[in-house]
Amino acid sequence: MGLCDLNTIRDVLGRHGFHFSKSLGQNFLTAQWVPDRIAAECGADRSNAVMEIGPGMGCLTLELSKRAARVVAVELDRALLPVMAETLTGIENVEVVQGDILKTDISALCAEKFDGMAVHACANLPYYITSPVISALIDCRAFESITVMVQKEVAERICAAAGTSEYSAFSIYVQYHTEPEILFGVPRDCFVPQPKVDSAVLRLVPRKMPAVSPQDEALFFAIIRAAFNQRRKTLANAVLAAFGGRLNKAEIFSLIRSVGLDERVRGERLTLSDFAALSDAAAVLLAEKCETAAVSQEMRD
Ligand code: SAM
């Protein structure tokens, strides 16, 4: 019986006195095709390694270990360590590290454990920390690819195009650094306990170069945050507040027009290229006013 079999899960967890923690996002897979397919599509092979986040009982870990040269799995819940000592017994190429992935120096852990091998990240992520974990996995620049199961709506938001209601500052951040793709959906009845939402498996392939090349990346993201913090306002009004009076409305209208956009446009309609063009134009204008550094610092705070 595999580690997704419901009777096996109940038997093993029962013998260890384990109880699911909602606050740790513990929804374990009960459909074997899911870890099989994630392992098959995450890029793991004998020439590379995988870092897994949140192995739980080890159902995905086991499938990854059949494909990758080495698997290191970071699990926060100490109560799962004796469980995995049983379920992963005798699997030589797996190491479980107890810790909080959000407090882990991921690059240092990869350097320590993988000895220069190419590494893929893989996870059935706990819902409560999806965005910070994805950001940490992108920011550490340690991975060839990042394949994660997340809430279906989050996957759709990450891949959303400009002008749609799902498009957000986080979509832009992820699309700037990676090429995201939804691989397949996973219905809620594939988990125990059953969550209230469906899931999807998302693959992010880090770009060698960002999708666009703004002159001042901090200013680029500051404008994006300002635009989406007040997404019901026009871009001009949202950005006006964020510029704290350093640019007046006429100057902001003129900036927006200078990049070929209507001055009444909303931020959610701008593509990454539009935001890059706008931030470059703003950088020039602010430099003329010798205020770029002060503004990007203020908008970041
Ligand atoms: N991989 C297993 C599966 O697919 O059945 C379990 C996935 S479950 C959705 C998420 C797992 O992440 C749980 O084992 C939970 O204890 C673990 N976890 C939660 N927060 C974590 C954190 N901050 N760092 C590392 N693991 C965490």
# chains A, B, ... in the order shown; residues from 1 in each chain; ligands from 1

call {"tool": "residues_near_ligand", "arguments": {"ligand": "ligand 1", "cutoff": "8 Å", "atoms": "only C-alpha atoms and all ligand atoms", "output": "ChimeraX atom specification"}}
result
/A:4,21,24-30,35,53-61,74-77,80,98-103,123-129,191

call {"tool": "residues_around", "arguments": {"residues": "stretch 257-261 of chain A", "least_positions_apart": "2", "cutoff": "9 Å", "atoms": "only C-alpha atoms", "output": "ChimeraX atom specification"}}
result
/A:252-255,263-265,270,274,277-278,281

call {"tool": "closest_residue", "arguments": {"among": "A:Cys159, A:Ile106, A:Cys122, A:Ile9", "to": "A:Thr147", "atoms": "only C-alpha atoms"}}
result
A:Cys122

call {"tool": "select_by_dssp", "arguments": {"residues": "stretch 112-178 of chain A", "states": "alpha helix (DSSP H)", "output": "JSON, numbers by chain"}}
result
{"A": [112, 113, 114, 130, 131, 132, 133, 134, 135, 136, 137, 138, 139, 152, 153, 154, 155, 156, 157, 158, 159, 169, 170, 171, 172, 173, 174, 175, 176, 177]}

call {"tool": "closest_residue", "arguments": {"among": "A:Ala218, A:Leu137, A:Ala85, A:Val192", "to": "A:His16", "atoms": "only C-alpha atoms"}}
result
A:Ala85

call {"tool": "closest_residue", "arguments": {"among": "A:Arg225, A:Arg231, A:Arg67, A:Arg15", "to": "A:Phe275", "atoms": "only C-alpha atoms"}}
result
A:Arg225

call {"tool": "residues_around", "arguments": {"residues": "A:Ala118", "least_positions_apart": "2", "cutoff": "9 Å", "atoms": "only C-alpha atoms", "output": "PyMOL selection string"}}
result
chain A and resi 47-50+114+116+120+142-144

call {"tool": "closest_residue", "arguments": {"among": "A:Ala111, A:Val96, A:Ile91, A:Val239", "to": "A:Glu52", "atoms": "only C-alpha atoms"}}
result
A:Val96

call {"tool": "closest_residue", "arguments": {"among": "A:Glu95, A:Glu268, A:Asp5, A:Asp198", "to": "A:Gln32", "atoms": "only C-alpha atoms"}}
result
A:Asp5

call {"tool": "select_by_dssp", "arguments": {"residues": "stretch 35-213 of chain A", "states": "strand (DSSP E or B)", "output": "VMD selection string"}}
result
chain A and resid 49 to 53 70 to 75 94 to 98 119 to 124 145 to 151 178 to 186 191 to 192 199 to 206

call {"tool": "residues_around", "arguments": {"residues": "stretch 174-177 of chain A", "least_positions_apart": "5", "cutoff": "9 Å", "atoms": "only C-alpha atoms", "output": "VMD selection string"}}
result
chain A and resid 134 to 135 138 to 139 158 to 159 169 204 to 212 272

call {"tool": "write_last_selection", "arguments": {"atoms": "C-alpha atoms", "output": "mmCIF file, in the first residue's frame"}}
result
data_model
loop_
_atom_site.group_PDB
_atom_site.id
_atom_site.type_symbol
_atom_site.label_atom_id
_atom_site.label_comp_id
_atom_site.auth_asym_id
_atom_site.auth_seq_id
_atom_site.Cartn_x
_atom_site.Cartn_y
_atom_site.Cartn_z
ATOM 1 C CA ILE A 134 7.194 31.297 -3.366
ATOM 2 C CA SER A 135 8.956 34.665 -2.907
ATOM 3 C CA ILE A 138 12.470 32.835 -6.211
ATOM 4 C CA ASP A 139 14.655 35.304 -4.296
ATOM 5 C CA ILE A 158 0.140 34.228 -10.489
ATOM 6 C CA CYS A 159 -0.348 33.466 -14.191
ATOM 7 C CA ALA A 169 1.320 43.051 -7.841
ATOM 8 C CA LEU A 204 7.917 28.466 -12.227
ATOM 9 C CA VAL A 205 11.067 28.510 -14.348
ATOM 10 C CA PRO A 206 13.399 31.309 -13.166
ATOM 11 C CA ARG A 207 14.416 33.629 -15.997
ATOM 12 C CA LYS A 208 18.115 34.211 -16.731
ATOM 13 C CA MET A 209 17.228 37.896 -17.116
ATOM 14 C CA PRO A 210 14.080 39.587 -15.758
ATOM 15 C CA ALA A 211 11.151 39.827 -18.189
ATOM 16 C CA VAL A 212 11.726 43.582 -18.589
ATOM 17 C CA LEU A 272 5.145 44.619 -17.285
#

call {"tool": "residues_around", "arguments": {"residues": "A:Ala40", "least_positions_apart": "3", "cutoff": "12 Å", "atoms": "only C-alpha atoms", "output": "list of chain:residue names"}}
result
A:Trp33, A:Val34, A:Pro35, A:Asp36, A:Arg37, A:Gly43, A:Ala44, A:Asp45, A:Leu60, A:Glu63, A:Leu64, A:Ser65, A:Lys66, A:Arg67, A:Ala68, A:Cys122, A:Thr147, A:Leu183

call {"tool": "write_last_selection", "arguments": {"atoms": "all heavy atoms", "output": "CSV table (one decimal), in the first residue's frame"}}
result
chain,number,residue,atom,x,y,z
A,33,TRP,N,-1.9,9.4,-7.9
A,33,TRP,CA,-1.5,10.0,-9.2
A,33,TRP,C,-0.9,11.4,-9.0
A,33,TRP,O,-0.1,11.8,-9.9
A,33,TRP,CB,-2.7,10.0,-10.1
A,33,TRP,CG,-3.8,10.9,-9.8
A,33,TRP,CD1,-4.9,10.6,-9.0
A,33,TRP,CD2,-3.9,12.3,-10.1
A,33,TRP,NE1,-5.7,11.7,-8.9
A,33,TRP,CE2,-5.1,12.8,-9.5
A,33,TRP,CE3,-3.1,13.2,-10.8
A,33,TRP,CZ2,-5.6,14.1,-9.7
A,33,TRP,CZ3,-3.6,14.5,-10.9
A,33,TRP,CH2,-4.8,15.0,-10.4
A,34,VAL,N,-1.2,12.0,-7.9
A,34,VAL,CA,-0.8,13.4,-7.8
A,34,VAL,C,0.7,13.5,-7.5
A,34,VAL,O,1.5,14.1,-8.2
A,34,VAL,CB,-1.6,14.2,-6.7
A,34,VAL,CG1,-1.1,15.7,-6.6
A,34,VAL,CG2,-3.1,14.1,-7.0
A,35,PRO,N,1.3,12.8,-6.4
A,35,PRO,CA,2.7,12.9,-6.2
A,35,PRO,C,3.5,12.2,-7.4
A,35,PRO,O,4.5,12.7,-7.8
A,35,PRO,CB,3.0,12.1,-4.9
A,35,PRO,CG,1.7,11.3,-4.7
A,35,PRO,CD,0.6,12.1,-5.3
A,36,ASP,N,2.9,11.2,-8.0
A,36,ASP,CA,3.5,10.5,-9.2
A,36,ASP,C,3.7,11.6,-10.3
A,36,ASP,O,4.8,11.7,-10.9
A,36,ASP,CB,2.6,9.4,-9.8
A,36,ASP,CG,2.6,8.2,-8.9
A,36,ASP,OD1,3.3,8.2,-7.9
A,36,ASP,OD2,1.8,7.3,-9.2
A,37,ARG,N,2.6,12.4,-10.5
A,37,ARG,CA,2.7,13.3,-11.7
A,37,ARG,C,3.6,14.5,-11.3
A,37,ARG,O,4.3,15.0,-12.2
A,37,ARG,CB,1.3,13.8,-12.0
A,37,ARG,CG,1.2,14.5,-13.3
A,37,ARG,CD,-0.1,14.5,-13.9
A,37,ARG,NE,-0.1,15.5,-15.0
A,37,ARG,CZ,-1.1,16.0,-15.6
A,37,ARG,NH1,-2.3,15.6,-15.2
A,37,ARG,NH2,-1.0,16.9,-16.6
A,43,GLY,N,11.1,18.0,-13.1
A,43,GLY,CA,12.5,18.1,-13.7
A,43,GLY,C,13.5,17.2,-13.0
A,43,GLY,O,14.7,17.2,-13.3
A,44,ALA,N,13.1,16.4,-12.0
A,44,ALA,CA,14.0,15.6,-11.2
A,44,ALA,C,14.5,14.4,-12.1
A,44,ALA,O,13.8,13.8,-12.7
A,44,ALA,CB,13.3,15.0,-10.0
A,45,ASP,N,15.9,14.3,-12.1
A,45,ASP,CA,16.4,13.0,-12.6
A,45,ASP,C,17.7,12.7,-11.9
A,45,ASP,O,18.2,13.5,-11.0
A,45,ASP,CB,16.6,13.2,-14.2
A,45,ASP,CG,17.6,14.2,-14.6
A,45,ASP,OD1,18.7,14.3,-13.9
A,45,ASP,OD2,17.4,14.9,-15.6
A,60,LEU,N,5.2,12.5,-1.4
A,60,LEU,CA,5.9,13.1,-2.6
A,60,LEU,C,7.4,12.8,-2.5
A,60,LEU,O,8.0,12.6,-3.5
A,60,LEU,CB,5.6,14.6,-2.6
A,60,LEU,CG,6.2,15.4,-3.7
A,60,LEU,CD1,5.9,14.9,-5.1
A,60,LEU,CD2,5.8,16.9,-3.6
A,63,GLU,N,8.3,9.6,-4.0
A,63,GLU,CA,8.3,9.6,-5.5
A,63,GLU,C,9.5,10.3,-6.0
A,63,GLU,O,10.1,10.0,-7.0
A,63,GLU,CB,7.0,10.1,-6.0
A,63,GLU,CG,5.8,9.3,-5.7
A,63,GLU,CD,6.0,7.8,-5.9
A,63,GLU,OE1,6.5,7.4,-7.0
A,63,GLU,OE2,5.6,7.0,-5.0
A,64,LEU,N,9.9,11.4,-5.4
A,64,LEU,CA,11.0,12.2,-5.8
A,64,LEU,C,12.3,11.4,-5.6
A,64,LEU,O,13.2,11.5,-6.5
A,64,LEU,CB,11.1,13.5,-4.9
A,64,LEU,CG,10.0,14.5,-5.2
A,64,LEU,CD1,10.0,15.6,-4.1
A,64,LEU,CD2,10.1,15.2,-6.6
A,65,SER,N,12.4,10.6,-4.6
A,65,SER,CA,13.6,9.9,-4.3
A,65,SER,C,13.8,8.8,-5.4
A,65,SER,O,15.0,8.4,-5.6
A,65,SER,CB,13.5,9.2,-2.9
A,65,SER,OG,12.7,8.1,-3.0
A,66,LYS,N,12.8,8.4,-6.1
A,66,LYS,CA,12.9,7.4,-7.2
A,66,LYS,C,13.5,8.0,-8.4
A,66,LYS,O,13.9,7.3,-9.3
A,66,LYS,CB,11.6,6.8,-7.5
A,66,LYS,CG,11.0,6.0,-6.4
A,66,LYS,CD,9.5,5.5,-6.8
A,66,LYS,CE,8.9,4.8,-5.6
A,66,LYS,NZ,7.4,4.6,-5.8
A,67,ARG,N,13.5,9.4,-8.5
A,67,ARG,CA,13.9,10.0,-9.7
A,67,ARG,C,15.2,10.8,-9.5
A,67,ARG,O,16.0,10.8,-10.4
A,67,ARG,CB,12.8,11.0,-10.2
A,67,ARG,CG,11.6,10.2,-10.7
A,67,ARG,CD,10.4,11.1,-11.0
A,67,ARG,NE,9.3,10.4,-11.4
A,67,ARG,CZ,9.0,10.0,-12.7
A,67,ARG,NH1,9.8,10.4,-13.7
A,67,ARG,NH2,7.9,9.3,-13.0
A,68,ALA,N,15.3,11.6,-8.4
A,68,ALA,CA,16.4,12.5,-8.2
A,68,ALA,C,17.6,11.8,-7.6
A,68,ALA,O,17.5,10.7,-7.0
A,68,ALA,CB,16.0,13.6,-7.3
A,122,CYS,N,10.3,21.7,-4.9
A,122,CYS,CA,9.1,20.9,-5.1
A,122,CYS,C,8.3,20.9,-3.8
A,122,CYS,O,8.9,20.8,-2.8
A,122,CYS,CB,9.5,19.5,-5.5
A,122,CYS,SG,8.3,18.7,-6.5
A,147,THR,N,8.4,23.8,-8.6
A,147,THR,CA,7.1,23.2,-8.9
A,147,THR,C,6.3,23.0,-7.6
A,147,THR,O,6.7,22.3,-6.7
A,147,THR,CB,7.3,21.8,-9.6
A,147,THR,OG1,8.0,22.0,-10.7
A,147,THR,CG2,5.9,21.2,-10.0
A,183,LEU,N,0.4,23.5,-14.5
A,183,LEU,CA,0.5,22.1,-15.1
A,183,LEU,C,-0.8,21.3,-15.1
A,183,LEU,O,-1.1,20.8,-16.1
A,183,LEU,CB,1.6,21.3,-14.3
A,183,LEU,CG,3.0,21.9,-14.4
A,183,LEU,CD1,4.0,21.1,-13.6
A,183,LEU,CD2,3.5,22.1,-15.9
